Structure formats: structure tokens, C-alpha cells
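Participant: Contents of protein.txt (compact mmCIF, C-alpha atoms) are below:
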# COMPACT_ATOMS: atom_id res chain seq x y z
CA MET A 2 107.82 86.50 93.84
CA LYS A 3 105.04 89.03 94.33
CA PHE A 4 105.14 92.51 95.81
CA GLY A 5 102.54 94.04 98.08
CA ILE A 6 101.80 97.18 100.07
CA ASN A 7 100.71 97.22 103.71
CA THR A 8 97.61 99.33 104.35
CA TYR A 9 99.13 100.95 107.46
CA LEU A 10 100.87 103.43 105.18
CA PHE A 11 97.50 104.81 104.09
CA SER A 12 94.80 103.87 106.59
CA SER A 13 94.34 102.99 110.26
CA PRO A 14 92.02 101.53 111.19
CA PHE A 15 91.26 99.74 107.94
CA THR A 16 87.53 99.92 107.15
CA ASN A 17 85.30 99.28 104.15
CA GLU A 18 85.97 102.86 103.06
CA SER A 19 89.70 102.12 102.89
CA VAL A 20 89.21 100.12 99.70
CA SER A 21 89.21 103.50 97.92
CA TRP A 22 93.02 103.16 97.91
CA PHE A 23 92.98 99.92 95.90
CA PRO A 24 92.87 101.53 92.44
CA LYS A 25 95.97 103.56 93.32
CA PHE A 26 97.81 100.45 94.54
CA LYS A 27 97.06 98.79 91.22
CA GLU A 28 98.07 101.88 89.27
CA TRP A 29 101.40 101.97 91.10
CA GLY A 30 102.11 98.37 90.07
CA PHE A 31 101.53 96.28 93.19
CA ASP A 32 100.50 92.65 92.86
CA PHE A 33 98.61 92.52 96.14
CA VAL A 34 97.57 94.28 99.31
CA GLU A 35 98.49 93.27 102.84
CA ILE A 36 95.49 94.30 104.91
CA ALA A 37 96.04 95.24 108.53
CA VAL A 38 92.83 94.29 110.31
CA GLU A 39 92.82 96.13 113.62
CA ASP A 40 89.21 95.22 114.33
CA PRO A 41 87.44 92.48 112.34
CA ALA A 42 84.12 94.25 113.02
CA ASN A 43 85.33 97.22 110.92
CA ILE A 44 85.11 95.35 107.63
CA ASP A 45 82.80 93.24 105.54
CA PRO A 46 85.36 90.77 104.15
CA GLU A 47 83.19 89.86 101.16
CA PHE A 48 82.84 93.55 100.25
CA VAL A 49 86.62 94.02 100.56
CA ARG A 50 87.28 90.90 98.46
CA LYS A 51 85.02 92.22 95.70
CA ALA A 52 86.88 95.54 95.74
CA LEU A 53 90.16 93.64 95.39
CA ASP A 54 88.80 91.56 92.52
CA ASP A 55 87.49 94.68 90.78
CA CYS A 56 91.03 96.10 90.80
CA ASP A 57 92.68 92.80 89.83
CA LEU A 58 94.48 92.70 93.17
CA GLU A 59 94.92 90.01 95.80
CA CYS A 60 95.11 90.03 99.56
CA ARG A 61 97.93 87.60 100.15
CA SER A 62 98.51 88.31 103.84
CA VAL A 63 96.46 89.60 106.75
CA CYS A 64 98.46 91.69 109.19
CA ALA A 65 97.62 91.25 112.87
CA ALA A 66 97.48 94.27 115.17
CA THR A 67 98.25 93.12 118.70
CA GLY A 68 97.83 96.22 120.79
CA PRO A 69 97.21 96.38 124.55
CA GLY A 70 94.80 93.70 125.71
CA ARG A 71 95.81 91.22 123.02
CA ASP A 72 98.61 89.25 124.61
CA LEU A 73 99.25 85.51 124.51
CA ARG A 74 101.60 85.88 127.50
CA GLY A 75 99.38 88.29 129.46
CA ASN A 76 96.75 87.63 132.08
CA ARG A 77 94.00 85.15 131.33
CA LYS A 78 91.63 87.80 129.98
CA GLU A 79 94.33 89.14 127.64
CA GLN A 80 95.15 85.65 126.44
CA ILE A 81 91.50 84.86 125.67
CA THR A 82 91.04 88.22 123.94
CA SER A 83 94.09 87.55 121.78
CA LEU A 84 93.01 83.99 120.96
CA ASP A 85 89.58 85.24 119.89
CA TYR A 86 91.13 88.01 117.78
CA VAL A 87 93.61 85.80 115.93
CA GLN A 88 90.95 83.16 115.35
CA ALA A 89 88.75 85.88 113.83
CA LEU A 90 91.61 86.80 111.48
CA ILE A 91 91.98 83.14 110.52
CA ASP A 92 88.26 83.10 109.69
CA ILE A 93 88.50 86.29 107.63
CA ALA A 94 91.71 85.48 105.72
CA PRO A 95 90.28 82.91 103.25
CA ILE A 96 87.31 85.18 102.47
CA LEU A 97 89.79 87.90 101.54
CA GLY A 98 91.71 85.37 99.47
CA SER A 99 94.64 84.98 101.85
CA SER A 100 96.15 81.89 103.43
CA LEU A 101 98.49 83.78 105.77
CA VAL A 102 98.02 85.71 109.02
CA ALA A 103 101.24 87.43 110.03
CA GLY A 104 102.67 89.72 112.69
CA PRO A 105 103.72 89.70 116.36
CA ILE A 106 100.74 87.62 117.42
CA TYR A 107 102.58 86.30 120.48
CA SER A 108 102.40 89.49 122.56
CA ALA A 109 101.05 93.00 122.85
CA VAL A 110 103.29 95.41 120.95
CA GLY A 111 104.93 97.88 123.32
CA ARG A 112 105.28 95.46 126.20
CA ALA A 113 108.98 95.55 126.95
CA SER A 114 110.74 95.09 130.27
CA LEU A 115 113.54 93.02 131.75
CA VAL A 116 112.03 90.13 133.70
CA PRO A 117 113.64 87.29 135.68
CA GLU A 118 114.31 84.07 133.81
CA ASP A 119 111.63 82.12 135.68
CA LYS A 120 108.95 84.64 134.64
CA LYS A 121 110.26 84.66 131.08
CA HIS A 122 110.05 80.87 131.04
CA ALA A 123 106.45 81.00 132.30
CA GLN A 124 105.57 83.54 129.62
CA TRP A 125 107.20 81.38 126.96
CA SER A 126 105.22 78.35 128.10
CA ASN A 127 101.96 80.31 127.92
CA VAL A 128 102.70 81.45 124.38
CA VAL A 129 103.59 77.91 123.30
CA LYS A 130 100.34 76.62 124.78
CA ASN A 131 98.27 79.33 123.11
CA LEU A 132 100.01 79.04 119.74
CA LYS A 133 99.29 75.31 119.76
CA ILE A 134 95.60 76.20 120.01
CA LEU A 135 95.88 78.76 117.22
CA THR A 136 97.93 76.58 114.86
CA LYS A 137 95.43 73.75 115.22
CA TYR A 138 92.64 76.19 114.35
CA ALA A 139 94.70 77.54 111.45
CA GLU A 140 95.34 74.05 110.09
CA GLU A 141 91.61 73.34 110.11
CA HIS A 142 91.07 76.48 107.99
CA HIS A 143 94.06 75.88 105.66
CA VAL A 144 95.77 79.03 106.91
CA LYS A 145 99.34 79.54 108.10
CA LEU A 146 100.52 81.84 110.89
CA ALA A 147 103.82 83.73 110.70
CA ILE A 148 105.38 85.25 113.81
CA GLU A 149 107.36 88.46 113.43
CA PRO A 150 110.36 89.32 115.62
CA LEU A 151 110.24 92.98 116.66
CA ASN A 152 112.94 95.35 117.85
CA ARG A 153 113.73 95.74 121.55
CA TYR A 154 111.70 98.93 121.91
CA GLU A 155 108.50 97.16 120.85
CA THR A 156 108.91 93.82 122.64
CA ASP A 157 111.21 92.03 125.05
CA PHE A 158 109.96 88.63 123.93
CA ILE A 159 110.96 87.69 120.37
CA ASN A 160 113.55 89.99 118.82
CA THR A 161 115.49 87.67 116.52
CA CYS A 162 114.97 85.00 113.92
CA ASP A 163 116.64 82.46 116.22
CA GLN A 164 114.04 83.13 118.91
CA ALA A 165 111.20 82.83 116.39
CA LEU A 166 112.59 79.50 115.15
CA GLN A 167 112.84 78.25 118.74
CA MET A 168 109.18 79.13 119.28
CA ILE A 169 108.25 77.30 116.08
CA HIS A 170 110.20 74.27 117.26
CA ASP A 171 108.50 74.29 120.66
CA VAL A 172 105.01 74.66 119.19
CA GLY A 173 105.72 71.87 116.72
CA SER A 174 103.28 72.79 113.98
CA ASP A 175 103.96 73.01 110.25
CA SER A 176 101.43 75.84 110.08
CA LEU A 177 103.67 78.17 112.11
CA MET A 178 106.20 80.15 110.08
CA VAL A 179 108.58 83.13 110.33
CA HIS A 180 107.82 86.67 109.23
CA LEU A 181 110.95 88.83 109.00
CA ASP A 182 111.13 92.62 108.67
CA SER A 183 114.15 94.51 107.34
CA PHE A 184 113.68 97.37 109.83
CA HIS A 185 113.58 95.13 112.88
CA MET A 186 116.43 92.96 111.58
CA ASN A 187 118.54 96.09 111.06
CA VAL A 188 118.23 96.77 114.81
CA GLU A 189 118.42 93.26 116.26
CA GLU A 190 120.26 90.85 113.96
CA LYS A 191 124.04 90.66 113.85
CA ASP A 192 123.62 89.76 110.18
CA PRO A 193 120.16 90.13 108.59
CA ALA A 194 121.20 88.10 105.55
CA LEU A 195 122.27 85.24 107.81
CA ALA A 196 118.93 85.45 109.62
CA ILE A 197 117.16 84.94 106.29
CA ARG A 198 119.35 81.94 105.55
CA LYS A 199 118.56 80.49 108.97
CA ALA A 200 114.84 80.94 108.40
CA GLY A 201 115.11 78.98 105.15
CA ASP A 202 111.90 77.29 104.14
CA LYS A 203 110.22 78.58 107.30
CA LEU A 204 110.25 82.12 105.92
CA ALA A 205 106.66 82.94 104.90
CA LEU A 206 106.87 86.72 104.48
CA LEU A 207 109.37 89.57 104.26
CA HIS A 208 108.51 93.14 105.17
CA ALA A 209 110.67 95.67 103.34
CA SER A 210 111.24 98.99 105.06
CA GLY A 211 114.10 101.43 105.11
CA SER A 212 116.37 101.60 108.13
CA ASP A 213 114.57 104.84 109.08
CA ARG A 214 111.12 103.34 108.34
CA GLY A 215 111.21 105.08 104.98
CA THR A 216 111.62 103.88 101.41
CA PRO A 217 113.40 100.57 100.80
CA GLY A 218 116.56 101.40 98.88
CA GLY A 219 116.87 104.95 100.12
CA ASP A 220 118.63 103.84 103.28
CA GLN A 221 121.76 102.12 104.57
CA ILE A 222 120.48 98.52 104.60
CA ASN A 223 122.58 96.21 102.43
CA TRP A 224 119.77 95.16 100.13
CA ASP A 225 122.08 93.29 97.77
CA ARG A 226 122.95 90.88 100.60
CA ILE A 227 119.27 90.61 101.59
CA PHE A 228 118.30 89.54 98.08
CA ALA A 229 121.32 87.24 97.76
CA ALA A 230 120.13 85.48 100.93
CA LEU A 231 116.60 85.19 99.52
CA ASP A 232 118.08 83.69 96.38
CA HIS A 233 120.15 81.28 98.48
CA ILE A 234 117.04 79.85 100.18
CA ASN A 235 115.12 79.90 96.88
CA TYR A 236 112.52 82.19 98.42
CA GLN A 237 109.30 82.12 96.43
CA GLY A 238 107.21 84.06 98.93
CA ASP A 239 106.03 87.64 99.08
CA ILE A 240 107.67 90.96 99.86
CA VAL A 241 105.56 93.71 101.38
CA ILE A 242 106.48 97.37 101.72
CA GLU A 243 105.67 98.36 105.29
CA SER A 244 106.86 101.91 105.81
CA PHE A 245 105.28 104.79 107.69
CA THR A 246 104.78 108.55 107.56
CA PRO A 247 103.13 111.02 109.96
CA ASP A 248 100.00 111.09 107.73
CA VAL A 249 98.30 108.26 109.65
CA LEU A 250 98.39 109.62 113.19
CA VAL A 251 97.65 106.40 115.06
CA ILE A 252 100.46 104.53 113.32
CA ALA A 253 102.83 107.51 113.51
CA LYS A 254 102.58 107.43 117.30
CA ALA A 255 102.83 103.65 117.54
CA ALA A 256 105.91 103.53 115.28
CA SER A 257 107.51 106.73 116.66
CA ILE A 258 107.38 108.60 113.36
CA TRP A 259 107.98 112.16 114.53
CA ARG A 260 109.10 113.71 111.25
CA GLN A 261 108.54 113.42 107.51
CA VAL A 262 111.27 110.99 106.47
CA GLU A 263 110.12 110.86 102.83
CA PRO A 264 108.41 113.34 100.46
CA SER A 265 105.12 111.41 100.44
CA ARG A 266 103.41 108.08 100.92
CA GLU A 267 103.19 107.71 97.15
CA ALA A 268 106.95 108.22 96.85
CA ILE A 269 107.56 105.41 99.35
CA ALA A 270 105.25 103.08 97.45
CA VAL A 271 106.34 103.88 93.89
CA ASP A 272 110.08 104.32 94.47
CA GLY A 273 110.24 101.41 96.91
CA LEU A 274 108.48 99.05 94.51
CA LYS A 275 110.69 100.08 91.61
CA PHE A 276 113.81 99.45 93.69
CA LEU A 277 112.69 96.07 95.01
CA ARG A 278 111.66 94.83 91.57
CA SER A 279 115.09 95.83 90.25
CA LEU A 280 116.70 93.38 92.69
CA ALA A 281 114.24 90.53 92.29
CA PHE A 282 115.58 87.31 90.86
What does the file become when written as C-alpha cells?
Facilitator:
Amino acid sequence: MKFGINTYLFSSPFTNESVSWFPKFKEWGFDFVEIAVEDPANIDPEFVRKALDDCDLECRSVCAATGPGRDLRGNRKEQITSLDYVQALIDIAPILGSSLVAGPIYSAVGRASLVPEDKKHAQWSNVVKNLKILTKYAEEHHVKLAIEPLNRYETDFINTCDQALQMIHDVGSDSLMVHLDSFHMNVEEKDPALAIRKAGDKLALLHASGSDRGTPGGDQINWDRIFAALDHINYQGDIVIESFTPDVLVIAKAASIWRQVEPSREAIAVDGLKFLRSLAF
């Protein structure tokens, strides 16, 4: 099991200049960096890979940013824009050293409304169709995709592990996996530990965040049960700290971070990593 830090805590958008954080990540004890690539044009992936290598770090997952306009269930233009974006991430991932592209790639984050069942079914069919295109492309590039259920305030489409597994079943590709997040599970799952057990060998990535988006371990999530469930499924994948503070304004607004929930970004990273490693099996 390896532990990583998501770049959203320190930089948005991620650019070539953002690699200046890498030495700190290494100093704090992280094994790898999860790079959130809002715009592929913002980075030279070979330059970023060299910066990772120089710090003896890996990029083990690329985090997708599906804002407005990137929507596999949207209008045709939005679907094409999203397909092009995710395919660009699939192209970039191996250069960075990663074989995983993760996140809510099925829909634009923030799109949430109650729609009739027939419209929901049509949306579902569009996402299945588009994910079949993307998984085929991913297979050709030896990359896996992992879809992340989000809480009800960020999407009306996939909120639970069960829904993610149903989408994986309907797409029918071994390259499509589940990406679970402790914050979203805390809102949506009846039992987050059971959700992890249900995901089983389809679980490709776990985001660790406090119930208030702060430090893992400094919150009311039952982390002992989370790690017992990971042990039960013999999870050998990665755990990434994805927490937020008001320091990065774009992300603070997107994640509704209106106050300083922790003393600092460094405290989240250092204390969170120490706590998670203490529970690792």
C-alpha cells in the first residue's frame, strides 16, 4: 500500500510551476503525487515526470477535473469535449508514470437536479455509450479508469458504490474500476465499510479526507472499520489524501470551504499521513 497527496490541496490549476511542491511532498513522507490535470495544455508531462523522478516520487494516479462543459451525459458538444479531455488524460498518464485516471468522469461536477426516470435512463445510456469508447481507448494505452461516486450536492447521477458498480457492469470493461472517497461515502453510504467490501477487487483508489474535508483521523469517520474493510478485500491499491483549505481559492469555492478547518495545509498532509500509516496493514 502506498500513500499519496492530491495536488488540489496546494495548487489549482496544476502547471509546470506547481512541481515546486514536490520536494516538500517527499520531505513529508509521501510515496507519490496524485496530479489533478485541469487543462492538459497547462503542463509538459515529460518536464513534470522529470521533476517527480528528481524527487524520487511517482505519479500513480491522474485526477480528472470535470467542470462545466465536460459531461458524458450532457449535450453532444459537452459529450465530445469530455471525451477529448479524458482521452488526453489517458495519453498523458503513462508519460507521468501513471496507469490510472480517476474521478467523476461521467458528468460535470455540480450538475444536480431531480429528473424523471425516462430522462435519467437516457442519461445513463449516454454515459454507458461514452464510457465504452473511453475504456476501449484506455485499454489500448494500458490505462485503467476509475469512476468516483460524489455526494448529492455535487451530482445527482452516481452517489454510491452500488451505482458505480452498476455502471461498470453495464459498460462491461475490465478497465473500468471504482474510486471511493471517505468524505463522499460519509454523506451517501449507509455503511462506508460495507461499500468498500462491495467494491472488492474493483476498488482501484481510495481518497482519504476528514468528514469536514479536513485531516483524516481528526474527524468522526470510523477509520478502524474503513481499514478493516480494506484488509477484508486484501486491498493492495493506493490511498490519497484529498483535503481542502481556503488557500486555493478556486477549489475552496468548488468544494464549499468557507472557513479554515485545519491549522494549515502542511498539518493536513503531515498529520493525515502519520495517522493513515498507523492504521495500514
Participant: Please build the interface table for range 6-62 of chain A against range 103-125 of chain A with a cut-off of 10 Å, listing for each qualifying residue the nearest atom pair and the distance in Å to one decimal; count only C-alpha atoms, order rows by chain and increasing number, and write it as a Markdown table.
Facilitator:
| residue | atom | partner | partner_atom | distance |
| --- | --- | --- | --- | --- |
| A:Glu35 | CA | A:Ala103 | CA | 9.7 |
| A:Ala37 | CA | A:Ala103 | CA | 9.5 |
| A:Ser62 | CA | A:Ala103 | CA | 6.8 |
Participant: Contacts of Leu53 in chain A at 10 Å or less, counting all atoms listed in the file, minus same-chain residues fewer than 3 places along, as a PDB file with C-alpha atoms, in the frame of the given file?
Facilitator:
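Written output follows (around.pdb):
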ATOM      1  CA  VAL A  20      89.210 100.120  99.700  1.00  0.00           C
ATOM      2  CA  PHE A  23      92.980  99.920  95.900  1.00  0.00           C
ATOM      3  CA  PRO A  24      92.870 101.530  92.440  1.00  0.00           C
ATOM      4  CA  LYS A  27      97.060  98.790  91.220  1.00  0.00           C
ATOM      5  CA  PHE A  33      98.610  92.520  96.140  1.00  0.00           C
ATOM      6  CA  VAL A  34      97.570  94.280  99.310  1.00  0.00           C
ATOM      7  CA  GLU A  47      83.190  89.860 101.160  1.00  0.00           C
ATOM      8  CA  PHE A  48      82.840  93.550 100.250  1.00  0.00           C
ATOM      9  CA  VAL A  49      86.620  94.020 100.560  1.00  0.00           C
ATOM     10  CA  ARG A  50      87.280  90.900  98.460  1.00  0.00           C
ATOM     11  CA  CYS A  56      91.030  96.100  90.800  1.00  0.00           C
ATOM     12  CA  ASP A  57      92.680  92.800  89.830  1.00  0.00           C
ATOM     13  CA  LEU A  58      94.480  92.700  93.170  1.00  0.00           C
ATOM     14  CA  GLU A  59      94.920  90.010  95.800  1.00  0.00           C
ATOM     15  CA  CYS A  60      95.110  90.030  99.560  1.00  0.00           C
ATOM     16  CA  LEU A  97      89.790  87.900 101.540  1.00  0.00           C
ATOM     17  CA  GLY A  98      91.710  85.370  99.470  1.00  0.00           C
TER      18      GLY A  98
END
Participant: Just to confirm, what's the straight-line distance from CA of Leu84 in chain A to CA of Gly201 in chain A in Å (one decimal)?
Facilitator: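 One can read the CA of Leu84 in chain A to CA of Gly201 in chain A distance as 27.6 Å.
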Participant: What separation in Å, quoted to one decimal, exists between CA of Asp163 in chain A and CA of Tyr86 in chain A?
Facilitator: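 A separation of 26.2 Å between them.
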Participant: May I ask which of the residues A:Val144, A:Ile252, A:Leu101, A:Ala165 is the closest one to Gly68 in chain A, counting all atoms listed in the file?
Facilitator: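 Once distances to Gly68 in chain A are computed over all atoms listed in the file, the minimum belongs to A:Ile252.
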Participant: Axis-aligned box over every listed atom of range 96-113 of chain A, padded by 3 Å per side: centre and edges in Å to one decimal, as AutoDock Vina command-line options?
Facilitator:
--center_x 98.1 --center_y 89.9 --center_z 113.2 --size_x 27.7 --size_y 22.0 --size_z 33.5
Participant: Mind pulling up the distance from CA of Asp72 in chain A to CA of Asn131 in chain A?
Facilitator: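 It comes out at 10.0 Å.
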Participant: Would you mind telling me which residue in A:Thr67, A:Ser176, A:Asn76, A:Thr8 lies nearest to His142 in chain A when using only C-alpha atoms?
Facilitator: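 Nearest to His142 in chain A: A:Ser176.
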Participant: Could you give me, as a list in words, the residues that sit within 12 Å of (105.8, 74.8, 126.0) in the file's coordinates, counting all atoms listed in the file?
Facilitator: Arg74, Lys121, His122, Ala123, Gln124, Trp125, Ser126, Asn127, Val128, Val129, Lys130, Asn131, Leu132, Lys133, Ile134, Gln167, Met168, Ile169, His170, Asp171, Val172 and Gly173 of chain A
Participant: Do a neighbour search on Tyr236 in chain A at 9 Å with all atoms listed in the file, toss out local chain neighbours closer than 5 positions, and write the hits as a ChimeraX atom specification.
Facilitator: /A:2,201-202,204-205,230-231
Participant: Using the selection just defined, write its residues with C-alpha atoms as a JSON list (two decimals), keeping the file's coordinate frame.
Facilitator:
[["chain", "number", "residue", "atom", "x", "y", "z"],
["A", 2, "MET", "CA", 107.82, 86.50, 93.84],
["A", 201, "GLY", "CA", 115.11, 78.98, 105.15],
["A", 202, "ASP", "CA", 111.90, 77.29, 104.14],
["A", 204, "LEU", "CA", 110.25, 82.12, 105.92],
["A", 205, "ALA", "CA", 106.66, 82.94, 104.90],
["A", 230, "ALA", "CA", 120.13, 85.48, 100.93],
["A", 231, "LEU", "CA", 116.60, 85.19, 99.52]]
Participant: Show me as number ranges by chain the residues that reach within 7 Å of (98.4, 74.7, 112.8), counting all atoms listed in the file and using the file's own coordinates.
Facilitator: A: 135-140, 145, 174-177
